[in-house]
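Raw input.pdb, PDB, C-alpha atoms:
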```
ATOM      1  CA  PRO M1129      43.115 -30.576  25.451
ATOM      2  CA  ALA M1130      40.377 -29.570  27.850
ATOM      3  CA  SER M1131      37.414 -27.621  26.551
ATOM      4  CA  ALA M1132      37.053 -23.945  27.407
ATOM      5  CA  ALA M1133      34.099 -24.859  29.624
ATOM      6  CA  ALA M1134      36.202 -27.398  31.539
ATOM      7  CA  VAL M1135      39.053 -24.904  32.004
ATOM      8  CA  LEU M1136      36.635 -22.235  33.253
ATOM      9  CA  ALA M1137      35.005 -24.708  35.635
ATOM     10  CA  GLY M1138      38.445 -25.651  36.971
ATOM     11  CA  LEU M1139      39.354 -21.989  37.486
ATOM     12  CA  HIS M1140      36.033 -21.393  39.253
ATOM     13  CA  ASN M1141      36.608 -24.367  41.577
ATOM     14  CA  ALA M1142      40.167 -23.209  42.276
ATOM     15  CA  ALA M1143      38.974 -19.692  43.132
ATOM     16  CA  ASN M1144      36.381 -21.141  45.502
ATOM     17  CA  GLY M1145      39.112 -23.199  47.156
ATOM     18  CA  PHE M1146      41.281 -20.096  47.533
ATOM     19  CA  GLU M1147      38.425 -18.277  49.267
ATOM     20  CA  ARG M1148      37.909 -21.173  51.725
ATOM     21  CA  ALA M1149      41.577 -21.358  52.754
ATOM     22  CA  GLY M1150      41.782 -20.488  56.441
ATOM     23  CA  ASN M1151      45.302 -19.052  56.423
ATOM     24  CA  LEU M1152      48.228 -18.228  54.146
ATOM     25  CA  ARG M1153      49.803 -21.694  54.435
ATOM     26  CA  ALA M1154      46.550 -23.415  53.458
ATOM     27  CA  LEU M1155      46.096 -20.974  50.569
ATOM     28  CA  CYS M1156      49.614 -21.651  49.266
ATOM     29  CA  ASP M1157      49.181 -25.422  49.543
ATOM     30  CA  ARG M1158      45.863 -25.235  47.703
ATOM     31  CA  ALA M1159      47.350 -22.971  45.027
ATOM     32  CA  ALA M1160      50.315 -25.302  44.434
ATOM     33  CA  ALA M1161      47.937 -28.245  43.966
ATOM     34  CA  GLU M1162      45.696 -26.276  41.579
ATOM     35  CA  PHE M1163      48.600 -25.065  39.444
ATOM     36  CA  ARG M1164      50.034 -28.575  39.303
ATOM     37  CA  ARG M1165      46.653 -29.975  38.246
ATOM     38  CA  LEU M1166      46.373 -27.310  35.560
ATOM     39  CA  THR M1167      49.925 -27.582  34.174
ATOM     40  CA  GLY M1168      50.960 -31.182  34.837
ATOM     41  CA  TYR M1169      54.444 -30.223  36.067
ATOM     42  CA  ASP M1170      56.328 -32.579  38.413
ATOM     43  CA  ARG M1171      56.660 -29.910  41.111
ATOM     44  CA  VAL M1172      54.872 -26.627  41.776
ATOM     45  CA  MET M1173      55.985 -24.254  44.529
ATOM     46  CA  ILE M1174      54.507 -21.043  45.858
ATOM     47  CA  TYR M1175      57.512 -18.829  46.478
ATOM     48  CA  ARG M1176      57.166 -15.632  48.519
ATOM     49  CA  PHE M1177      59.626 -12.744  48.536
ATOM     50  CA  LEU M1178      60.482 -11.681  52.074
ATOM     51  CA  ASP M1179      61.183  -8.146  53.298
ATOM     52  CA  ASP M1180      64.965  -8.672  53.153
ATOM     53  CA  GLY M1181      64.821  -9.781  49.498
ATOM     54  CA  ALA M1182      65.215 -13.476  50.261
ATOM     55  CA  GLY M1183      62.528 -15.969  49.294
ATOM     56  CA  ALA M1184      60.727 -18.812  51.011
ATOM     57  CA  VAL M1185      58.702 -21.735  49.687
ATOM     58  CA  LEU M1186      55.329 -21.497  51.446
ATOM     59  CA  GLY M1187      53.439 -24.148  49.484
ATOM     60  CA  GLU M1188      54.351 -27.126  47.345
ATOM     61  CA  ASP M1189      52.741 -29.951  45.408
ATOM     62  CA  ARG M1190      55.075 -32.533  43.869
ATOM     63  CA  ARG M1191      55.542 -36.086  42.738
ATOM     64  CA  GLU M1192      56.060 -38.251  45.811
ATOM     65  CA  ASP M1193      59.560 -39.366  44.778
ATOM     66  CA  LEU M1194      60.921 -35.798  44.603
ATOM     67  CA  GLN M1195      62.677 -34.095  47.499
ATOM     68  CA  SER M1196      60.590 -31.360  49.094
ATOM     69  CA  PHE M1197      61.589 -27.694  49.048
ATOM     70  CA  LEU M1198      58.752 -26.689  51.384
ATOM     71  CA  ASN M1199      59.942 -24.159  54.001
ATOM     72  CA  HIS M1200      63.305 -23.752  52.251
ATOM     73  CA  HIS M1201      64.702 -20.225  52.163
ATOM     74  CA  PHE M1202      66.725 -18.876  49.261
ATOM     75  CA  PRO M1203      68.967 -15.799  49.196
ATOM     76  CA  GLY M1204      67.805 -12.645  47.444
ATOM     77  CA  SER M1205      70.652 -13.041  44.954
ATOM     78  CA  ASP M1206      68.897 -16.107  43.465
ATOM     79  CA  ILE M1207      66.477 -13.770  41.686
ATOM     80  CA  PRO M1208      68.246 -10.465  41.008
ATOM     81  CA  ALA M1209      66.441  -7.109  40.873
ATOM     82  CA  GLN M1210      66.403  -6.934  37.060
ATOM     83  CA  ALA M1211      64.746 -10.365  36.886
ATOM     84  CA  ARG M1212      62.162  -9.332  39.501
ATOM     85  CA  ALA M1213      61.346  -6.241  37.447
ATOM     86  CA  LEU M1214      60.712  -8.458  34.407
ATOM     87  CA  TYR M1215      58.411 -10.685  36.464
ATOM     88  CA  VAL M1216      56.174  -7.659  37.086
ATOM     89  CA  ARG M1217      56.063  -6.915  33.338
ATOM     90  CA  ASN M1218      55.816 -10.507  32.073
ATOM     91  CA  LEU M1219      53.407 -12.417  34.281
ATOM     92  CA  VAL M1220      53.939 -15.870  32.757
ATOM     93  CA  ARG M1221      57.314 -17.234  31.757
ATOM     94  CA  VAL M1222      57.843 -20.676  30.240
ATOM     95  CA  ILE M1223      61.099 -22.479  29.475
ATOM     96  CA  PRO M1224      60.039 -25.658  27.625
ATOM     97  CA  ASP M1225      63.575 -27.079  27.432
ATOM     98  CA  VAL M1226      66.573 -25.729  29.364
ATOM     99  CA  SER M1227      68.882 -27.331  26.771
ATOM    100  CA  TYR M1228      67.500 -25.314  23.858
ATOM    101  CA  ALA M1229      69.829 -23.704  21.339
ATOM    102  CA  PRO M1230      69.222 -19.936  21.289
ATOM    103  CA  ALA M1231      68.476 -18.377  17.921
ATOM    104  CA  SER M1232      70.023 -15.012  17.258
ATOM    105  CA  LEU M1233      67.898 -12.198  15.869
ATOM    106  CA  ARG M1234      69.026  -9.948  13.092
ATOM    107  CA  PRO M1235      66.694  -6.951  12.999
ATOM    108  CA  ALA M1236      66.094  -5.224   9.684
ATOM    109  CA  CYS M1237      66.960  -1.844  11.177
ATOM    110  CA  THR M1238      70.649  -1.138  11.400
ATOM    111  CA  ASP M1239      70.749   1.778  13.838
ATOM    112  CA  ASP M1240      72.866   1.449  16.949
ATOM    113  CA  ALA M1241      69.923   1.143  19.351
ATOM    114  CA  PRO M1242      69.888  -2.286  21.004
ATOM    115  CA  LEU M1243      66.819  -4.443  20.504
ATOM    116  CA  ASP M1244      64.772  -4.465  23.737
ATOM    117  CA  MET M1245      62.968  -7.780  24.111
ATOM    118  CA  SER M1246      61.947  -7.268  27.742
ATOM    119  CA  ASP M1247      58.237  -7.643  26.977
ATOM    120  CA  CYS M1248      58.548 -10.601  24.592
ATOM    121  CA  ALA M1249      57.155 -13.935  25.712
ATOM    122  CA  LEU M1250      59.532 -15.894  23.485
ATOM    123  CA  ARG M1251      62.785 -14.248  24.436
ATOM    124  CA  SER M1252      65.880 -16.129  25.476
ATOM    125  CA  VAL M1253      66.824 -16.901  29.053
ATOM    126  CA  SER M1254      69.933 -15.961  30.977
ATOM    127  CA  PRO M1255      72.592 -18.687  30.699
ATOM    128  CA  ILE M1256      73.115 -18.338  34.457
ATOM    129  CA  HIS M1257      69.455 -19.160  35.096
ATOM    130  CA  LEU M1258      69.612 -22.123  32.723
ATOM    131  CA  ARG M1259      72.671 -23.481  34.580
ATOM    132  CA  TYR M1260      70.840 -22.980  37.912
ATOM    133  CA  LEU M1261      67.874 -25.023  36.649
ATOM    134  CA  LYS M1262      70.109 -27.765  35.238
ATOM    135  CA  ASN M1263      71.948 -27.981  38.566
ATOM    136  CA  MET M1264      68.574 -28.602  40.221
ATOM    137  CA  GLY M1265      67.764 -31.394  37.742
ATOM    138  CA  VAL M1266      65.080 -29.292  36.049
ATOM    139  CA  ALA M1267      64.612 -29.718  32.276
ATOM    140  CA  ALA M1268      61.574 -27.430  31.900
ATOM    141  CA  SER M1269      60.086 -24.682  34.007
ATOM    142  CA  ALA M1270      57.293 -22.175  34.116
ATOM    143  CA  SER M1271      56.657 -19.291  36.458
ATOM    144  CA  MET M1272      53.638 -17.153  37.103
ATOM    145  CA  SER M1273      53.996 -13.846  38.904
ATOM    146  CA  ILE M1274      51.944 -13.087  41.976
ATOM    147  CA  VAL M1275      51.603  -9.300  41.813
ATOM    148  CA  MET M1276      49.800  -7.406  44.573
ATOM    149  CA  ASP M1277      49.235  -3.657  44.332
ATOM    150  CA  GLY M1278      51.778  -3.421  41.513
ATOM    151  CA  ALA M1279      54.545  -5.138  43.511
ATOM    152  CA  LEU M1280      55.942  -8.642  43.076
ATOM    153  CA  TRP M1281      54.765 -10.620  46.119
ATOM    154  CA  GLY M1282      55.985 -13.988  44.893
ATOM    155  CA  LEU M1283      56.012 -16.589  42.153
ATOM    156  CA  VAL M1284      54.348 -19.827  41.253
ATOM    157  CA  ALA M1285      57.403 -21.864  40.242
ATOM    158  CA  CYS M1286      56.827 -25.017  38.186
ATOM    159  CA  HIS M1287      59.566 -27.584  37.506
ATOM    160  CA  HIS M1288      59.615 -30.691  35.334
ATOM    161  CA  GLU M1289      62.353 -33.319  34.937
ATOM    162  CA  THR M1290      61.847 -33.635  31.178
ATOM    163  CA  PRO M1291      61.182 -31.001  28.497
ATOM    164  CA  ARG M1292      57.555 -29.836  28.631
ATOM    165  CA  GLN M1293      55.543 -27.413  26.564
ATOM    166  CA  ILE M1294      52.269 -25.974  27.724
ATOM    167  CA  PRO M1295      49.803 -24.538  25.231
ATOM    168  CA  TYR M1296      48.779 -20.907  25.132
ATOM    169  CA  GLU M1297      45.359 -21.683  26.623
ATOM    170  CA  VAL M1298      46.959 -23.216  29.726
ATOM    171  CA  ARG M1299      49.350 -20.279  30.063
ATOM    172  CA  ALA M1300      46.371 -17.895  29.862
ATOM    173  CA  ALA M1301      44.516 -19.924  32.506
ATOM    174  CA  CYS M1302      47.628 -19.820  34.725
ATOM    175  CA  ARG M1303      47.783 -16.048  34.373
ATOM    176  CA  ALA M1304      44.133 -15.755  35.429
ATOM    177  CA  LEU M1305      44.633 -18.156  38.331
ATOM    178  CA  ALA M1306      47.710 -16.243  39.549
ATOM    179  CA  GLY M1307      45.671 -13.028  39.442
ATOM    180  CA  GLY M1308      42.993 -14.698  41.552
ATOM    181  CA  LEU M1309      45.617 -15.965  43.975
ATOM    182  CA  ALA M1310      47.014 -12.451  44.397
TER     183      ALA M1310
END
```
Could the structure of this file be written out as structure tokens, please?
Amino acid sequence: PASAAAVLAGLHNAANGFERAGNLRALCDRAAAEFRRLTGYDRVMIYRFLDDGAGAVLGEDRREDLQSFLNHHFPGSDIPAQARALYVRNLVRVIPDVSYAPASLRPACTDDAPLDMSDCALRSVSPIHLRYLKNMGVAASASMSIVMDGALWGLVACHHETPRQIPYEVRAACRALAGGLA
């Protein structure tokens, strides 16, 4: 693992690169490369939500042998409203292995109120989303929210072809970098 000083230096260099980007496309390309360097994922995309709810990939950094999604547009239904609301609350989301076996929780309290895990980092993932990732050939993913003025502008979407865990320190650095990108 990198030292704290090395991580901070990398974040500083990334922020300087963001400031030098001449336009949105250059900024998104630079951001995708920085997030990929930081996380080691096979593919990193900068995904922007459009006014009609659809999304577009504005920046991408990937292994050379992978098909590009740059400039692809996706329908708004790919990321439903309830998922977008969670992205504003939970800024970093990691799925280390899309083939995981969910573990059920049995809370000690027995009242009829459902357990709300909306703000938990280690909560399960929608089976529909897991199927979507598997259909894309993704075995692990991570996403960082790009929130501007309290609204979800877009996502940094990271995909890997094999299961991949990233340590807490890297997730924290990703959160800081996404804040700087916003």
Surrounding residues of Tyr1296 in chain M excluding itself and chain neighbours under 5 positions, 12 Å, all atoms listed in the file, as a PyMOL selection string | chain M and resi 1129+1167+1220-1222+1249-1250+1301-1303
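Each of M:Met1272, M:Ala1209, M:Val1266, M:Ile1256 was compared to Gly1307 in chain M using only C-alpha atoms, and M:Met1272 turns out to be the nearest.
Atom to atom, CA of Val1226 in chain M and CA of Leu1258 in chain M stand 5.8 Å apart.
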The PyMOL selection byres ((chain M and resi 1181) around 10) on the file shown: which residues, as a list in words?
-> Arg1176, Phe1177, Leu1178, Asp1179, Asp1180, Ala1182, Gly1183, Phe1202, Pro1203, Gly1204, Ser1205, Asp1206, Ile1207, Pro1208 and Ala1209 of chain M
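Here CA of His1288 in chain M is placed at a distance of 19.7 Å from CA of Ala1184 in chain M.
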Residues selected by the PyMOL selection byres ((chain M and resi 1185) around 6), written as a PyMOL selection string | chain M and resi 1174-1175+1184+1186-1187+1198-1200
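Computed from the coordinates, the CA of Val1216 in chain M to CA of Phe1197 in chain M distance equals 24.0 Å.
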Within 12 Å of Ser1131 in chain M using all atoms listed in the file, minus same-chain residues under 4 positions, as a count of residues only | 6
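Closest approach to Leu1305 in chain M among M:Ala1142, M:Leu1219, M:Ala1132, M:Ala1149 is made by M:Ala1142 (distances from all atoms listed in the file).
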Fewer than 4 positions away in the same chain doesn't count, so skip those; otherwise give me all residues within 8 Å of Glu1289 in chain M, counting all atoms listed in the file, as a list of chain:residue names.
-> M:Asp1170, M:Gly1265, M:Val1266, M:Ala1267, M:Ala1268
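Proximity to Tyr1228 in chain M was assessed for M:Leu1243, M:Val1253, M:Ala1143, M:Leu1280 counting all atoms listed in the file; the smallest distance is recorded for M:Val1253.
Of the listed residues M:His1201, M:Ala1130, M:Arg1292, M:Val1275, the one whose atoms come nearest to Gly1308 in chain M is M:Val1275, with distances taken using all atoms listed in the file.
Of the listed residues M:Ala1236, M:Ala1231, M:Met1245, M:Ile1223, the one whose atoms come nearest to Ser1271 in chain M is M:Ile1223, with distances taken using all atoms listed in the file.
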